[in-house]
Amino acid sequence: MLQFTETKGNFRIAYKNYPFFYFSEENPIFSVGNALDKIRMFYGEYKIREKIKERITLNRYELLSQSPKRLVFKFLNESVSLIVKFEIHKDKLIIEPTGQNGEFNRFWVRIRANVDEAVYGCGAQYEDLNLRDKKIINWVQEEMLGEKSYFRQPTFLSSEQYFCHVDSPAYSEFNFKNDKYHELYIWEIPPRIIIGKYESLLSVVQNIASYFGIQPPLPDWVYDGIVLGIQGGKNVVNKKLERAKNNDLKVVGVWCQDWVGYLQTEFGKLVFYNWEYDEALYPDLLSYINSLNEKGIKFLGYINPFLNTDGNLYHEASKKNYIVKDEGGNDYFIKMGAFSPALLDITNPKTVKWIKSIIKENIINLGLDGWMTDYGEYLPPDAELFSGEDPKKYHNRYIVEWARIVYECLEESGKLNKILTFNRAGFSYFSKYVMLYWPGDQIVNWDPIEGLPTVITSGISCGLTGIGNYHFDIGGFSAHGEIKRSKELFMRWAEIACFSMMMRTHEGNKPDTNWQFDSDKETIQHLSKMVKIHTRLKPYLKELEKEYQLKGIPPMRACFLHYENDSKLQDLKHQYLLGRDLLIAPVLSPKKDKWKLYLPHDKWIHLWTSNKYNGGWIEVNSPMGKPPIFYLENSNFKELFKSLINME
């Protein structure tokens, strides 16, 4: 029921007894306006400028109709009006701006805030978990620094036990800096705003996952070992697999992103974007995949929506007008540093049909067991699309449509739950098409903003925004200048991956300078131990996957979801619960053999020593191979966890 309380020209709207909106002439709820903007793209990053020509605060109102589940207002200024409907639909409050006099391309709405409120969500966050006092830009782009993110979703959740989603693909900004209100700013009049209010934060997260779509379940084989990222061709793969076998490293798959060939550039080794296998690197690939499968090893590849202009598929697509165009009607070549590929125009139904046929024939029918589904965030804001849609509004949607295309290829081929795909770019509603998410290209160092620690913060924040199946590149990706992956970094990264839904290594952009899984015997033996622990956890991990599929609860979750009244947990971004029963507090700094962490008040057992703790700040020994792991004393998986202690 909606509670509407009016006094002397002011009013309050409460839903489920929580006052979401306060209106007064001095503090209106809605504003509309117009602005000019200019967006320029540089290598997947965007420089966004705008000039607001007018912002009109709608500081008067007329109540047009009222019922227990529906309120309709006309908000107005001297010459401008906006009709807004507040209506309860099922278990959510839907706010719909249904009509206005005048044309506007800017919209502001204010939602009541509290000083002590914590705010989370909006997709993948790398630096901060609690977004209070932050401004979030909902525009997907390359990189993870500052306001940039590979996965943005205009959805936030509050410690006041609700979520709010703006159902618009347009550029938006969520400003959480004001003590009294959250201000949401959208580059269009949004079709609707959705609010869900529940009895706990855990219920909020479950309902977010349900609303946007649960990810497809993972194939059973992902829990049976590690997927090794290997490049260089069949001979290199065979040598590394032999080395893994000799060191008792359980390999369930090889991920060869250069299956289509590669380019050697100043940045490093990059994939050749032509979606046919490279016969020089992987001769008779079909037979090779079959031989690997006979040994219990899957073969995974790589794809994205680009086409290298030196490849035959580009020439075919260009001839058929399947490429995104520039303002002059020519193929738009996207600057990516060392080369400038073309981008598929997936607003053209014929393009979609064509790329589906390529995926089915050249990838699925060839026998690949999975692949990285990369990119999607590079649609230029000044492009010309087949559909005639505004590229600025389609920019975020492109990511979802690209994910949908790949999903439908699996569905139409009868390969769902058998083939594994994993994506990096994300936006609203992409989750129902994406089997597994990974948070992008971490730098191969300990940096808390771009390096190892970010895989924890992003995993927790993704879980709060509906993503349950999450993993990351073991060792990171980006090496540049003097930065290169060290042995210690790789080993600590593997310790975190061990307690995740899937283990997969990446050689990085500079394989020859980065420390690899087989760079020395100690490293490969350490990885072997971590993989054994991971595979031993299979019954627990499968139970977490089942829980996510049925209830929408992410396996990797914020500690406060189960200890909501402990305010100390609100800002803890570098430790997490893996399911209800395991607490993981990874070592995230070099040369550390002790680690400080916070345990929620409960009965915990330290995995490696069996020492018991009741909560609070503690410091434990954390030598390599024994990261800080704790389990609940009353866990149904207690015996399973105990069995991990002596694994070598």
# chains A, B, ... in the order shown; residues from 1 in each chain; ligands from 1
$ residues_around --residues "A:Val324" --least-positions-apart "4" --cutoff "10 Å" --atoms "only C-alpha atoms" --output "PyMOL selection string"
chain A and resi 318+329-334+342-348+379-380+383-386
$ write_last_selection --atoms "C-alpha atoms" --output "PDB file, in the first residue's frame"
ATOM      1  CA  SER A 318      31.684  -5.222 -45.389  1.00  0.00           C
ATOM      2  CA  GLY A 329      28.384   6.104 -44.467  1.00  0.00           C
ATOM      3  CA  ASN A 330      31.711   4.276 -44.597  1.00  0.00           C
ATOM      4  CA  ASP A 331      32.813   1.375 -42.430  1.00  0.00           C
ATOM      5  CA  TYR A 332      33.761   2.702 -39.007  1.00  0.00           C
ATOM      6  CA  PHE A 333      37.257   1.563 -38.022  1.00  0.00           C
ATOM      7  CA  ILE A 334      37.683   1.511 -34.248  1.00  0.00           C
ATOM      8  CA  ALA A 342      35.529  -2.945 -37.750  1.00  0.00           C
ATOM      9  CA  LEU A 343      32.518  -3.510 -35.480  1.00  0.00           C
ATOM     10  CA  LEU A 344      29.487  -5.614 -36.380  1.00  0.00           C
ATOM     11  CA  ASP A 345      26.205  -3.697 -36.676  1.00  0.00           C
ATOM     12  CA  ILE A 346      23.949  -6.012 -34.694  1.00  0.00           C
ATOM     13  CA  THR A 347      20.947  -3.717 -35.103  1.00  0.00           C
ATOM     14  CA  ASN A 348      20.728  -5.285 -38.586  1.00  0.00           C
ATOM     15  CA  LEU A 379      30.148   1.300 -30.031  1.00  0.00           C
ATOM     16  CA  PRO A 380      31.200   4.843 -31.039  1.00  0.00           C
ATOM     17  CA  ALA A 383      28.267   5.925 -35.406  1.00  0.00           C
ATOM     18  CA  GLU A 384      25.474   5.361 -37.896  1.00  0.00           C
ATOM     19  CA  LEU A 385      23.402   2.247 -37.172  1.00  0.00           C
ATOM     20  CA  PHE A 386      21.285   0.197 -39.566  1.00  0.00           C
TER      21      PHE A 386
END
$ residues_around --residues "A:Thr265" --least-positions-apart "5" --cutoff "10 Å" --atoms "only C-alpha atoms" --output "PyMOL selection string"
chain A and resi 270+337-339+509-510
$ residues_around --residues "A:Glu160" --least-positions-apart "5" --cutoff "9 Å" --atoms "only C-alpha atoms" --output "CSV table (one decimal) with C-alpha atoms, in the first residue's frame"
chain,number,residue,atom,x,y,z
A,18,TYR,CA,9.5,3.5,4.2
A,114,ASN,CA,19.8,9.0,5.5
A,117,GLU,CA,22.9,4.9,5.0
A,118,ALA,CA,25.2,2.6,3.0
A,119,VAL,CA,24.7,2.3,-0.8
A,197,LYS,CA,11.5,-2.9,-0.7
A,200,SER,CA,16.4,-7.9,4.6
A,201,LEU,CA,19.3,-7.0,2.3
$ closest_residue --among "A:Glu96, A:Glu242, A:Asp133, A:Glu411" --to "A:Ile189" --atoms "only C-alpha atoms"
A:Glu96
$ residues_around --residues "A:Gly615" --least-positions-apart "2" --cutoff "6 Å" --atoms "only C-alpha atoms" --output "PDB file with N, CA and C atoms, in the first residue's frame"
ATOM      1  N   LEU A 599      36.146 -10.902  11.705  1.00  0.00           N
ATOM      2  CA  LEU A 599      35.167 -11.978  11.693  1.00  0.00           C
ATOM      3  C   LEU A 599      33.838 -11.476  12.253  1.00  0.00           C
ATOM      4  N   PRO A 600      32.735 -11.667  11.533  1.00  0.00           N
ATOM      5  CA  PRO A 600      31.426 -11.359  12.121  1.00  0.00           C
ATOM      6  C   PRO A 600      31.218 -12.231  13.367  1.00  0.00           C
ATOM      7  N   HIS A 601      30.410 -11.760  14.268  1.00  0.00           N
ATOM      8  CA  HIS A 601      30.211 -12.488  15.519  1.00  0.00           C
ATOM      9  C   HIS A 601      29.431 -13.777  15.270  1.00  0.00           C
ATOM     10  N   ASP A 602      30.165 -14.876  15.396  1.00  0.00           N
ATOM     11  CA  ASP A 602      29.627 -16.212  15.152  1.00  0.00           C
ATOM     12  C   ASP A 602      30.680 -17.200  15.632  1.00  0.00           C
ATOM     13  N   TYR A 613      37.187 -19.139  16.946  1.00  0.00           N
ATOM     14  CA  TYR A 613      37.054 -17.698  17.143  1.00  0.00           C
ATOM     15  C   TYR A 613      35.570 -17.352  17.201  1.00  0.00           C
TER      16      TYR A 613
END
$ select_by_dssp --residues "stretch 487-602 of chain A" --states "strand (DSSP E)" --output "PyMOL selection string"
chain A and resi 503-505+556-557+576-578+582-584+594-599
$ write_last_selection --atoms "N, CA and C atoms" --output "PDB file, in the first residue's frame"
ATOM      1  N   MET A 503      38.402 -21.883 -11.772  1.00  0.00           N
ATOM      2  CA  MET A 503      39.812 -21.492 -11.823  1.00  0.00           C
ATOM      3  C   MET A 503      40.263 -21.454 -13.282  1.00  0.00           C
ATOM      4  N   ARG A 504      40.832 -20.297 -13.674  1.00  0.00           N
ATOM      5  CA  ARG A 504      41.331 -20.142 -15.050  1.00  0.00           C
ATOM      6  C   ARG A 504      42.517 -19.199 -15.033  1.00  0.00           C
ATOM      7  N   THR A 505      43.604 -19.597 -15.652  1.00  0.00           N
ATOM      8  CA  THR A 505      44.773 -18.731 -15.740  1.00  0.00           C
ATOM      9  C   THR A 505      44.740 -17.911 -17.022  1.00  0.00           C
ATOM     10  N   MET A 556      29.579 -15.838  -4.151  1.00  0.00           N
ATOM     11  CA  MET A 556      30.527 -14.887  -3.572  1.00  0.00           C
ATOM     12  C   MET A 556      29.722 -13.697  -3.061  1.00  0.00           C
ATOM     13  N   ARG A 557      29.698 -13.519  -1.749  1.00  0.00           N
ATOM     14  CA  ARG A 557      28.761 -12.550  -1.205  1.00  0.00           C
ATOM     15  C   ARG A 557      29.375 -11.686  -0.111  1.00  0.00           C
ATOM     16  N   TYR A 576      35.238 -11.862   1.938  1.00  0.00           N
ATOM     17  CA  TYR A 576      33.910 -12.232   1.472  1.00  0.00           C
ATOM     18  C   TYR A 576      33.510 -13.592   2.021  1.00  0.00           C
ATOM     19  N   LEU A 577      32.233 -13.838   1.955  1.00  0.00           N
ATOM     20  CA  LEU A 577      31.705 -15.161   2.250  1.00  0.00           C
ATOM     21  C   LEU A 577      31.570 -15.930   0.947  1.00  0.00           C
ATOM     22  N   LEU A 578      32.056 -17.153   0.937  1.00  0.00           N
ATOM     23  CA  LEU A 578      31.791 -18.064  -0.176  1.00  0.00           C
ATOM     24  C   LEU A 578      30.680 -18.988   0.306  1.00  0.00           C
ATOM     25  N   LEU A 582      31.706 -20.373   4.526  1.00  0.00           N
ATOM     26  CA  LEU A 582      33.134 -20.088   4.407  1.00  0.00           C
ATOM     27  C   LEU A 582      33.377 -18.589   4.371  1.00  0.00           C
ATOM     28  N   LEU A 583      34.369 -18.145   5.130  1.00  0.00           N
ATOM     29  CA  LEU A 583      34.804 -16.752   5.062  1.00  0.00           C
ATOM     30  C   LEU A 583      36.228 -16.724   4.524  1.00  0.00           C
ATOM     31  N   ILE A 584      36.433 -15.930   3.465  1.00  0.00           N
ATOM     32  CA  ILE A 584      37.718 -15.845   2.781  1.00  0.00           C
ATOM     33  C   ILE A 584      38.266 -14.433   2.958  1.00  0.00           C
ATOM     34  N   LYS A 594      51.478 -12.845   7.817  1.00  0.00           N
ATOM     35  CA  LYS A 594      50.392 -12.660   8.769  1.00  0.00           C
ATOM     36  C   LYS A 594      49.369 -11.729   8.127  1.00  0.00           C
ATOM     37  N   TRP A 595      48.107 -11.901   8.507  1.00  0.00           N
ATOM     38  CA  TRP A 595      47.064 -11.089   7.884  1.00  0.00           C
ATOM     39  C   TRP A 595      45.981 -10.753   8.895  1.00  0.00           C
ATOM     40  N   LYS A 596      45.562  -9.492   8.885  1.00  0.00           N
ATOM     41  CA  LYS A 596      44.528  -9.007   9.792  1.00  0.00           C
ATOM     42  C   LYS A 596      43.174  -9.022   9.078  1.00  0.00           C
ATOM     43  N   LEU A 597      42.157  -9.468   9.798  1.00  0.00           N
ATOM     44  CA  LEU A 597      40.823  -9.535   9.209  1.00  0.00           C
ATOM     45  C   LEU A 597      39.776  -9.365  10.298  1.00  0.00           C
ATOM     46  N   TYR A 598      38.528  -9.213   9.854  1.00  0.00           N
ATOM     47  CA  TYR A 598      37.416  -9.052  10.799  1.00  0.00           C
ATOM     48  C   TYR A 598      36.445 -10.209  10.616  1.00  0.00           C
ATOM     49  N   LEU A 599      36.146 -10.902  11.705  1.00  0.00           N
ATOM     50  CA  LEU A 599      35.167 -11.978  11.693  1.00  0.00           C
ATOM     51  C   LEU A 599      33.838 -11.476  12.253  1.00  0.00           C
TER      52      LEU A 599
END
